[in-house]
Amino acid sequence: MQRHPGVNYAYCAEFKLPSSDPFFTLGMNAHGKAVNKARAHRSARVCNAAMALLSLGLTACGYVQTTPDGVGGASIGAGGAGGSTAQGGSSNDPGPPAPTTRFARLTHVQWENSVRDLLYLAGPSGHSATFPSDALGASFVFDNVGGSLAIDQALTGAYSRAAAALAESVVSNNVLLERVLPPSSAEPAARARAFIVEFGARAFRRPLASDEVDRYMQLYAEGATLDPDASPLLAGVGLLIDAFLQSPNFLYRVEMSSAVSDGAIALSSWEVAQRLSYFITNSMPDAALFEAARADQLDAAGVRAQVERLLSLPSARPALQHFHEQLFDLEDYSELSPSPEIYPDVPSEFGASVRGAAQAFLSDLAFEERGGYADLMTSTSAFANADLARVYGLEGTFGTQLVKVSLNPAERGGFLNQIGYLASNANSTNGDPIHRGVFLVKRLLCRLISAPPDNVVPPPPVAQATNRATVENHTESTDGCRSCHSTLINPYGFPFEHFDAVGAYRTLDNGVVVDATSTPLLDGDLIDINNSLELSAALATSQEAHRCFVTHLLEYALGRNRVPEDATFVNALDQASEAGASILDLVGHIATSPAFARRSAEELP
Amino acid sequence: MKSKLSRRRVLKGVGGAILGLPFLEGLSTKSARAQAPSVEPFAIFFRQANGVAAIQTTTELGFEPERFWPRNPGALTTENLEGRATAELSSYANRLLIVGNTNMRQFAYGDGHARGALQLLTARGPTIDGQGGNSEAAGESLDHRIGRELNPSGNESLFLYAGSVGGWLGGPCISYRSAGNRRSALVDPKSAYQVLAGDNTAGASQEAILIQSRRQQSINDLVRGELGALLARPELGSADRRRLDLHLSSVRDLEISLSCRLSEAEEQALDASTGGSSNNGDVVLATARLHMDLAALAVACGFTRSVAIQVGNGNDGNSQYRDPETGNLMDNFHFISHRRQSHNSTGSIIAGSDLLHHKVDVQFAATFRHLLDRLAAYEFPEGSLLDAGMAIWLNDLGNGPGHSNINCPVLIAGSAGGFLKQGQFVKLDGGDITKTNHARLLNTLGTAAGLRTAGGDPISDFGDPSLNRDLLSELLA
């Protein structure tokens, strides 16, 4: 692998902005050559506005290699940083946070988890399967963009139906009922009031005000009137559970703190607790976290202790898996359907196996191996059953269960060299270097690539050529396509040409020796690489790649897309990641940051 | 223009009045609205992706003959439709208005499917140029506006989706509340029916329904109070306020929905349906037909005056429709429309894919006919539900390989109470393909559905202000 550092342009410097900002962004000049390291701009927003103008005026096809608002791009030099994760440590203080919603609606997964925990159910109720799917904006990577999650008529009805069914299931089951009801020694009304206070605090994730308790007591009394045949306690408690589950204070993660201090609003301990729990366990706070909030013990040390404890819970695993599922589009793996004519040995459940193996790898890497982003790019561990072992060329006896394996380090290393990424970015008959490149560039480097023209000229038929030659001929033979594909896409897809449509390793393609060499741009330098192993190794040490990964993790943690105000926070995370922080370390770094416990003094417009 | 149709007779006519109306009237004052003396105009939009098998010359297959459009402008005779996908609608020829040369703006979406699907009901460009599959439309969609301005009790229009969730443009993508504010769709018909009919009431006694209604009303009163308290907080920004307002307006009592019921047999059929997200074209179109049943019911019982039914994601790139001759599922529709085994322009050429595209068109036409059958089934001496409103079959694109914004198919069934021509194939602007007239079409359809200015005039304000938004007089009766 050879690096060519001499291709840099001070892109945004053309706008004569001061060079004090930590950002730099990648772009293209009029001739389609990559340019980078525009450290010199007042703010990312200004720079990107400038870049947008440049792209309109100078780029050949409107393709821009950049990041929205510059946040995900690599940064160099100062800004934020400090390795401390302690809340309140000034060196780790990323400054005032960006505006965000005060009413982040629970995602359907969070609703399911919260109901399970609130009612002490053994598992998910399954009611969320009847909820209308959320309208995910096409630019969203994650499902928890709270400011976009609305409650419309259809969802209101679905919540209502689920609440009624859950209430009925609890009051008709003594075991479930006794779990949520206070001790039975008190007379019914007193018991109901105690239920409202205790259950309500868990449902709302904060104590109820006295007038709220009174309103729910009034509702409790109505229960007996509405259903005179039932016992007053059961009728009332059933109605209360029904109502709590439809309350906006349950359905939204409400943040109503408003006192501004040092340019931001410090969240209450209850609000901090729910931020922590929904980030780390994707559910409501557990008893210990509630108790810490109740005792107002969520200072820096208290948060650190809770974060460490939450990360050790079993529920932290599916929560982090939910992040990885969406980041890497694992759901698509289930849809894999390679051509049965070319791959007759691939079974119908191939996609499910591939997805399961990816999930197992990511969970193992994070929780057992305590790996970081660099390990994600280079680990030779994987999971395989008999079907996947055949594709990997592994020797030994395998069954239907996925087991941990070691892959041939001469062929594979890291997530990108596993079957999932390779096969999901392939067509049914061959690897797809375009989609492999586009996914990598957009999702792992946080660069924006504009869409191709509406009516792309079809490639001429290329007989007796390799897959690479066909794509090269199609995308790099005309000016309109070449300027973008030859620099922004293909160099990141061609290194994977050693892998076919199902992710099997090959040295020959159509009888011709595979050419997986490439010269992609990373961190402002063009680097010569021979194959995807070298590309993965480069990504493992790339500041741009680390920065992108932590940016996505921060987006997931905060439940919103990145904005320029996140830059300092991203810088600190990036430095920690490059220094070897594990993924769990990064989660902890975010959760214990002062910014995570504050909200902006400004509201969303 | 209003048809004088009795709601009571509508419900009886379709055999779907499970619950006695006198009982419902006793339950709620709002249910009386379902018995209004006339049927107001309505619009049910049915969206297909990927263009149609129209005459064209493609790099992949060369000359492709016309297989969709009628042969000549003018009367929709059997001869005029013969051999075309639209012939599937011959039995409704005298109630059809087929609109040719509907041309969209080449907004800078950076992708033909985004341009077509997101502009389809909004007549708007993107919120941010050049985002391709990450695009969002920069305005409200017509289905939502009709619902917002005309629906009783503030019900939102229904947005129903058949196909796999996810994929290009994120799946459901044609309905917007406002710029960048995309609506979620109801995918499972059973869930959609619950929106109309309420729940937990099927087979229940009247007493049980009354208890449930009062119980929910008590909860709703409390929830409204809580939402009101939150909305009263001075800290809220406008974005949060809008979302809470939507929530507040969505808290409904059971009054209206109890009058919107399928027959018991139809409810059982719905329960037995697979519904939901699927790539199998058989399931996708079966789901679309169930959605159509519910759309007809929704307008019949006065729940809404507009419904949008979307089939397939942004490029319908997952659905595999069945070739009726071989009995096999084809490649996904996007591949078929591209004539290649690829979501881009690589991949092997699919032999005979123009004919396969035509076969998909025929299946969409037959599915659209199902909607017309349902609407026509609500019969009265004065006419049918179909005559009172409009069912509109739209396509994002003019054709597949070219992703053309020109001559995007529009087929309107029903005259909206005599507002629109019938039995005609009209080419807008005399066939002048340089005329951008899609926004004019949407303003015409909106007016036909009942939208008016404050002064009672036809609307001409829907869509991007830079577009011509005047009524299309050639479509008016």
# chains A, B, ... in the order shown; residues from 1 in each chain; ligands from 1
>>> residues_around(residues="region 262-266 of chain A", least_positions_apart="5", cutoff="10 Å", atoms="only C-alpha atoms", output="list in words")
Gly95, Pro96, Pro97, Ala98, Pro99, Met256, Ser257, Glu271, Val272, Pro594, Ala595, Phe596, Ala597, Arg598, Arg599, Ser600, Ala601 and Glu602 of chain A
>>> write_last_selection(atoms="N, CA and C atoms", output="PDB file, in the first residue's frame")
ATOM      1  N   GLY A  95     -19.382  21.750  24.275  1.00  0.00           N
ATOM      2  CA  GLY A  95     -20.099  23.005  24.114  1.00  0.00           C
ATOM      3  C   GLY A  95     -21.595  22.795  24.038  1.00  0.00           C
ATOM      4  N   PRO A  96     -22.333  23.881  23.805  1.00  0.00           N
ATOM      5  CA  PRO A  96     -23.785  23.781  23.800  1.00  0.00           C
ATOM      6  C   PRO A  96     -24.267  22.809  22.725  1.00  0.00           C
ATOM      7  N   PRO A  97     -25.211  21.959  23.074  1.00  0.00           N
ATOM      8  CA  PRO A  97     -25.723  21.015  22.087  1.00  0.00           C
ATOM      9  C   PRO A  97     -26.639  21.707  21.089  1.00  0.00           C
ATOM     10  N   ALA A  98     -26.924  21.009  20.008  1.00  0.00           N
ATOM     11  CA  ALA A  98     -27.819  21.536  18.973  1.00  0.00           C
ATOM     12  C   ALA A  98     -29.270  21.359  19.407  1.00  0.00           C
ATOM     13  N   PRO A  99     -30.153  22.194  18.876  1.00  0.00           N
ATOM     14  CA  PRO A  99     -31.573  22.056  19.221  1.00  0.00           C
ATOM     15  C   PRO A  99     -32.099  20.681  18.836  1.00  0.00           C
ATOM     16  N   MET A 256     -38.847  18.571  29.603  1.00  0.00           N
ATOM     17  CA  MET A 256     -39.422  19.893  29.818  1.00  0.00           C
ATOM     18  C   MET A 256     -38.545  20.805  30.657  1.00  0.00           C
ATOM     19  N   SER A 257     -37.351  20.368  30.993  1.00  0.00           N
ATOM     20  CA  SER A 257     -36.447  21.268  31.714  1.00  0.00           C
ATOM     21  C   SER A 257     -36.232  22.523  30.878  1.00  0.00           C
ATOM     22  N   GLU A 271     -34.721  13.018  33.345  1.00  0.00           N
ATOM     23  CA  GLU A 271     -34.519  13.118  31.897  1.00  0.00           C
ATOM     24  C   GLU A 271     -33.181  12.513  31.477  1.00  0.00           C
ATOM     25  N   VAL A 272     -32.163  12.704  32.317  1.00  0.00           N
ATOM     26  CA  VAL A 272     -30.875  12.072  32.032  1.00  0.00           C
ATOM     27  C   VAL A 272     -31.026  10.550  32.069  1.00  0.00           C
ATOM     28  N   PRO A 594     -20.840  15.658  29.027  1.00  0.00           N
ATOM     29  CA  PRO A 594     -21.762  16.697  29.510  1.00  0.00           C
ATOM     30  C   PRO A 594     -22.842  17.027  28.488  1.00  0.00           C
ATOM     31  N   ALA A 595     -22.517  16.959  27.216  1.00  0.00           N
ATOM     32  CA  ALA A 595     -23.491  17.312  26.185  1.00  0.00           C
ATOM     33  C   ALA A 595     -24.681  16.371  26.194  1.00  0.00           C
ATOM     34  N   PHE A 596     -24.457  15.151  26.625  1.00  0.00           N
ATOM     35  CA  PHE A 596     -25.537  14.172  26.617  1.00  0.00           C
ATOM     36  C   PHE A 596     -26.556  14.484  27.712  1.00  0.00           C
ATOM     37  N   ALA A 597     -26.146  15.229  28.691  1.00  0.00           N
ATOM     38  CA  ALA A 597     -27.029  15.556  29.818  1.00  0.00           C
ATOM     39  C   ALA A 597     -27.598  16.964  29.700  1.00  0.00           C
ATOM     40  N   ARG A 598     -27.424  17.577  28.551  1.00  0.00           N
ATOM     41  CA  ARG A 598     -27.951  18.932  28.370  1.00  0.00           C
ATOM     42  C   ARG A 598     -28.711  19.015  27.058  1.00  0.00           C
ATOM     43  N   ARG A 599     -29.559  20.012  26.974  1.00  0.00           N
ATOM     44  CA  ARG A 599     -30.217  20.284  25.709  1.00  0.00           C
ATOM     45  C   ARG A 599     -30.000  21.751  25.361  1.00  0.00           C
ATOM     46  N   SER A 600     -30.214  22.058  24.109  1.00  0.00           N
ATOM     47  CA  SER A 600     -29.962  23.405  23.638  1.00  0.00           C
ATOM     48  C   SER A 600     -30.933  24.382  24.279  1.00  0.00           C
ATOM     49  N   ALA A 601     -30.465  25.603  24.426  1.00  0.00           N
ATOM     50  CA  ALA A 601     -31.350  26.662  24.909  1.00  0.00           C
ATOM     51  C   ALA A 601     -32.305  27.115  23.812  1.00  0.00           C
ATOM     52  N   GLU A 602     -32.015  26.691  22.588  1.00  0.00           N
ATOM     53  CA  GLU A 602     -32.903  27.033  21.471  1.00  0.00           C
ATOM     54  C   GLU A 602     -33.820  25.854  21.179  1.00  0.00           C
TER      55      GLU A 602
END
>>> interface_residues(of="chain B", to="chain A", cutoff="7 Å", atoms="only C-alpha atoms", output="VMD selection string")
chain B and resid 110 to 112 130 to 135 169 to 170 182 to 187 191 195 199 211 215 219 223 227 236 to 240 243 246 to 247 250 to 251 342 345 to 346 402 to 403
>>> write_last_selection(atoms="C-alpha atoms", output="compact mmCIF listing (two decimals), in the first residue's frame")
# COMPACT_ATOMS: atom_id res chain seq x y z
CA GLY B 110 -31.28 13.71 -9.37
CA ASP B 111 -33.23 10.54 -10.03
CA GLY B 112 -36.14 9.82 -12.31
CA GLY B 130 -29.80 16.30 -6.38
CA GLN B 131 -30.38 13.94 -3.48
CA GLY B 132 -31.66 11.08 -5.62
CA GLY B 133 -32.95 8.30 -3.41
CA ASN B 134 -32.60 10.54 -0.37
CA SER B 135 -35.01 13.12 -1.75
CA LEU B 169 -37.17 6.22 -1.51
CA GLY B 170 -37.83 4.35 1.71
CA ARG B 182 -43.66 12.51 4.68
CA ARG B 183 -46.61 10.50 5.95
CA SER B 184 -46.48 6.95 7.17
CA ALA B 185 -48.65 4.51 5.28
CA LEU B 186 -50.89 1.71 6.44
CA VAL B 187 -49.44 -1.47 5.01
CA SER B 191 -54.63 -2.27 10.35
CA VAL B 195 -58.62 2.83 11.52
CA ASP B 199 -61.51 -2.26 17.06
CA ILE B 211 -68.84 0.45 27.50
CA ARG B 215 -64.13 3.98 28.46
CA ILE B 219 -59.20 8.13 28.45
CA VAL B 223 -55.09 12.44 27.07
CA LEU B 227 -51.62 17.19 25.47
CA LEU B 236 -42.18 24.62 22.87
CA GLY B 237 -40.79 25.36 19.45
CA SER B 238 -43.04 25.37 16.45
CA ALA B 239 -41.86 21.96 15.22
CA ASP B 240 -42.77 20.30 18.50
CA ARG B 243 -46.35 17.34 16.13
CA LEU B 246 -51.26 16.41 15.04
CA HIS B 247 -51.40 14.02 17.97
CA SER B 250 -55.74 12.34 16.08
CA VAL B 251 -57.31 11.48 19.43
CA SER B 342 -30.11 -4.64 -12.75
CA SER B 345 -28.03 0.04 -16.53
CA THR B 346 -25.66 -2.88 -16.19
CA GLY B 402 -36.16 6.37 -20.41
CA HIS B 403 -37.62 7.36 -17.03
>>> atom_distance(atom1="CA of Gln326 (chain A)", atom2="CA of Pro172 (chain B)")
18.3 Å
>>> residues_around(residues="region 521-537 of chain A", least_positions_apart="2", cutoff="6 Å", atoms="only C-alpha atoms", output="PyMOL selection string")
chain A and resi 1-5+36+377+495-496+516-519+539-540+544
>>> closest_residue(among="B:Asn220, B:Ser178, B:Thr453, B:Ser319", to="Asn280 (chain B)", atoms="only C-alpha atoms")
B:Ser319
>>> residues_around(residues="Arg443 (chain A)", least_positions_apart="5", cutoff="9 Å", atoms="only C-alpha atoms", output="short mmCIF file (atom, residue, chain, number, x, y, z; two decimals) with N, CA and C atoms, in the first residue's frame")
data_model
loop_
_atom_site.label_atom_id
_atom_site.label_comp_id
_atom_site.auth_asym_id
_atom_site.auth_seq_id
_atom_site.Cartn_x
_atom_site.Cartn_y
_atom_site.Cartn_z
N VAL A 141 -30.68 7.22 8.51
CA VAL A 141 -30.07 5.90 8.66
C VAL A 141 -30.78 5.14 9.77
N LEU A 327 -27.04 0.59 10.64
CA LEU A 327 -25.85 1.19 10.04
C LEU A 327 -25.40 0.38 8.83
N PHE A 328 -25.47 -0.93 8.94
CA PHE A 328 -24.95 -1.77 7.86
C PHE A 328 -26.07 -2.39 7.01
N VAL A 438 -20.41 2.54 -3.58
CA VAL A 438 -21.32 3.59 -3.12
C VAL A 438 -21.65 3.39 -1.64
N CYS A 548 -16.43 9.07 10.66
CA CYS A 548 -17.76 8.73 10.14
C CYS A 548 -18.48 7.76 11.08
N PHE A 549 -17.75 6.76 11.53
CA PHE A 549 -18.37 5.77 12.41
C PHE A 549 -18.86 6.43 13.70
N HIS A 552 -22.00 8.47 13.18
CA HIS A 552 -23.23 7.67 13.15
C HIS A 552 -23.64 7.24 14.56
#
>>> residues_around(residues="Pro41 (chain B)", least_positions_apart="3", cutoff="8 Å", atoms="only C-alpha atoms", output="MDAnalysis selection string")
chainID B and resid 2 305 388:390 416:417 448:450
>>> write_last_selection(atoms="N, CA and C atoms", output="short mmCIF file (atom, residue, chain, number, x, y, z; two decimals), in the first residue's frame")
data_model
loop_
_atom_site.label_atom_id
_atom_site.label_comp_id
_atom_site.auth_asym_id
_atom_site.auth_seq_id
_atom_site.Cartn_x
_atom_site.Cartn_y
_atom_site.Cartn_z
N LYS B 2 -73.48 17.96 -7.01
CA LYS B 2 -73.55 16.93 -6.00
C LYS B 2 -74.58 15.87 -6.34
N ARG B 305 -62.53 11.93 2.20
CA ARG B 305 -62.82 12.22 0.80
C ARG B 305 -61.59 12.06 -0.07
N ALA B 388 -70.12 9.53 -8.28
CA ALA B 388 -70.05 10.70 -7.39
C ALA B 388 -68.64 11.21 -7.22
N GLY B 389 -67.64 10.35 -7.41
CA GLY B 389 -66.26 10.76 -7.17
C GLY B 389 -65.35 10.38 -8.29
N MET B 390 -64.09 10.13 -7.95
CA MET B 390 -63.08 9.78 -8.95
C MET B 390 -62.16 8.71 -8.40
N ALA B 416 -66.84 12.66 -10.88
CA ALA B 416 -66.91 13.55 -9.71
C ALA B 416 -68.22 14.34 -9.73
N GLY B 417 -69.29 13.62 -9.87
CA GLY B 417 -70.60 14.25 -9.86
C GLY B 417 -70.88 15.09 -11.09
N ALA B 448 -62.15 19.14 -8.80
CA ALA B 448 -63.19 18.13 -9.01
C ALA B 448 -63.56 17.44 -7.70
N ALA B 449 -62.58 17.29 -6.82
CA ALA B 449 -62.84 16.64 -5.52
C ALA B 449 -63.55 17.57 -4.55
N GLY B 450 -63.62 18.85 -4.90
CA GLY B 450 -64.37 19.77 -4.05
C GLY B 450 -63.56 20.91 -3.45
#
>>> atom_distance(atom1="CA of Asn468 (chain B)", atom2="CA of Leu158 (chain B)")
27.9 Å
>>> select_by_dssp(residues="region 228-336 of chain B", states="strand (DSSP E)", output="CSV table (one decimal) with C-alpha atoms, in the first residue's frame")
chain,number,residue,atom,x,y,z
B,306,SER,CA,-59.4,11.1,-0.4
B,307,VAL,CA,-57.3,8.0,-0.3
B,308,ALA,CA,-53.9,7.4,-1.8
B,309,ILE,CA,-52.9,3.8,-2.6
B,310,GLN,CA,-49.3,3.3,-3.5
B,311,VAL,CA,-48.1,0.0,-5.0
>>> atom_distance(atom1="CA of Leu444 (chain A)", atom2="CA of Asp479 (chain A)")
26.9 Å
>>> closest_residue(among="B:Val165, B:Ala114, B:Val299, B:Ala93", to="Asp129 (chain B)", atoms="only C-alpha atoms")
B:Ala114
>>> select_by_dssp(residues="region 114-270 of chain A", states="alpha helix (DSSP H)", output="MDAnalysis selection string")
chainID A and resid 114:118 153:171 174:180 188:204 210:226 232:246 248:251 269:270
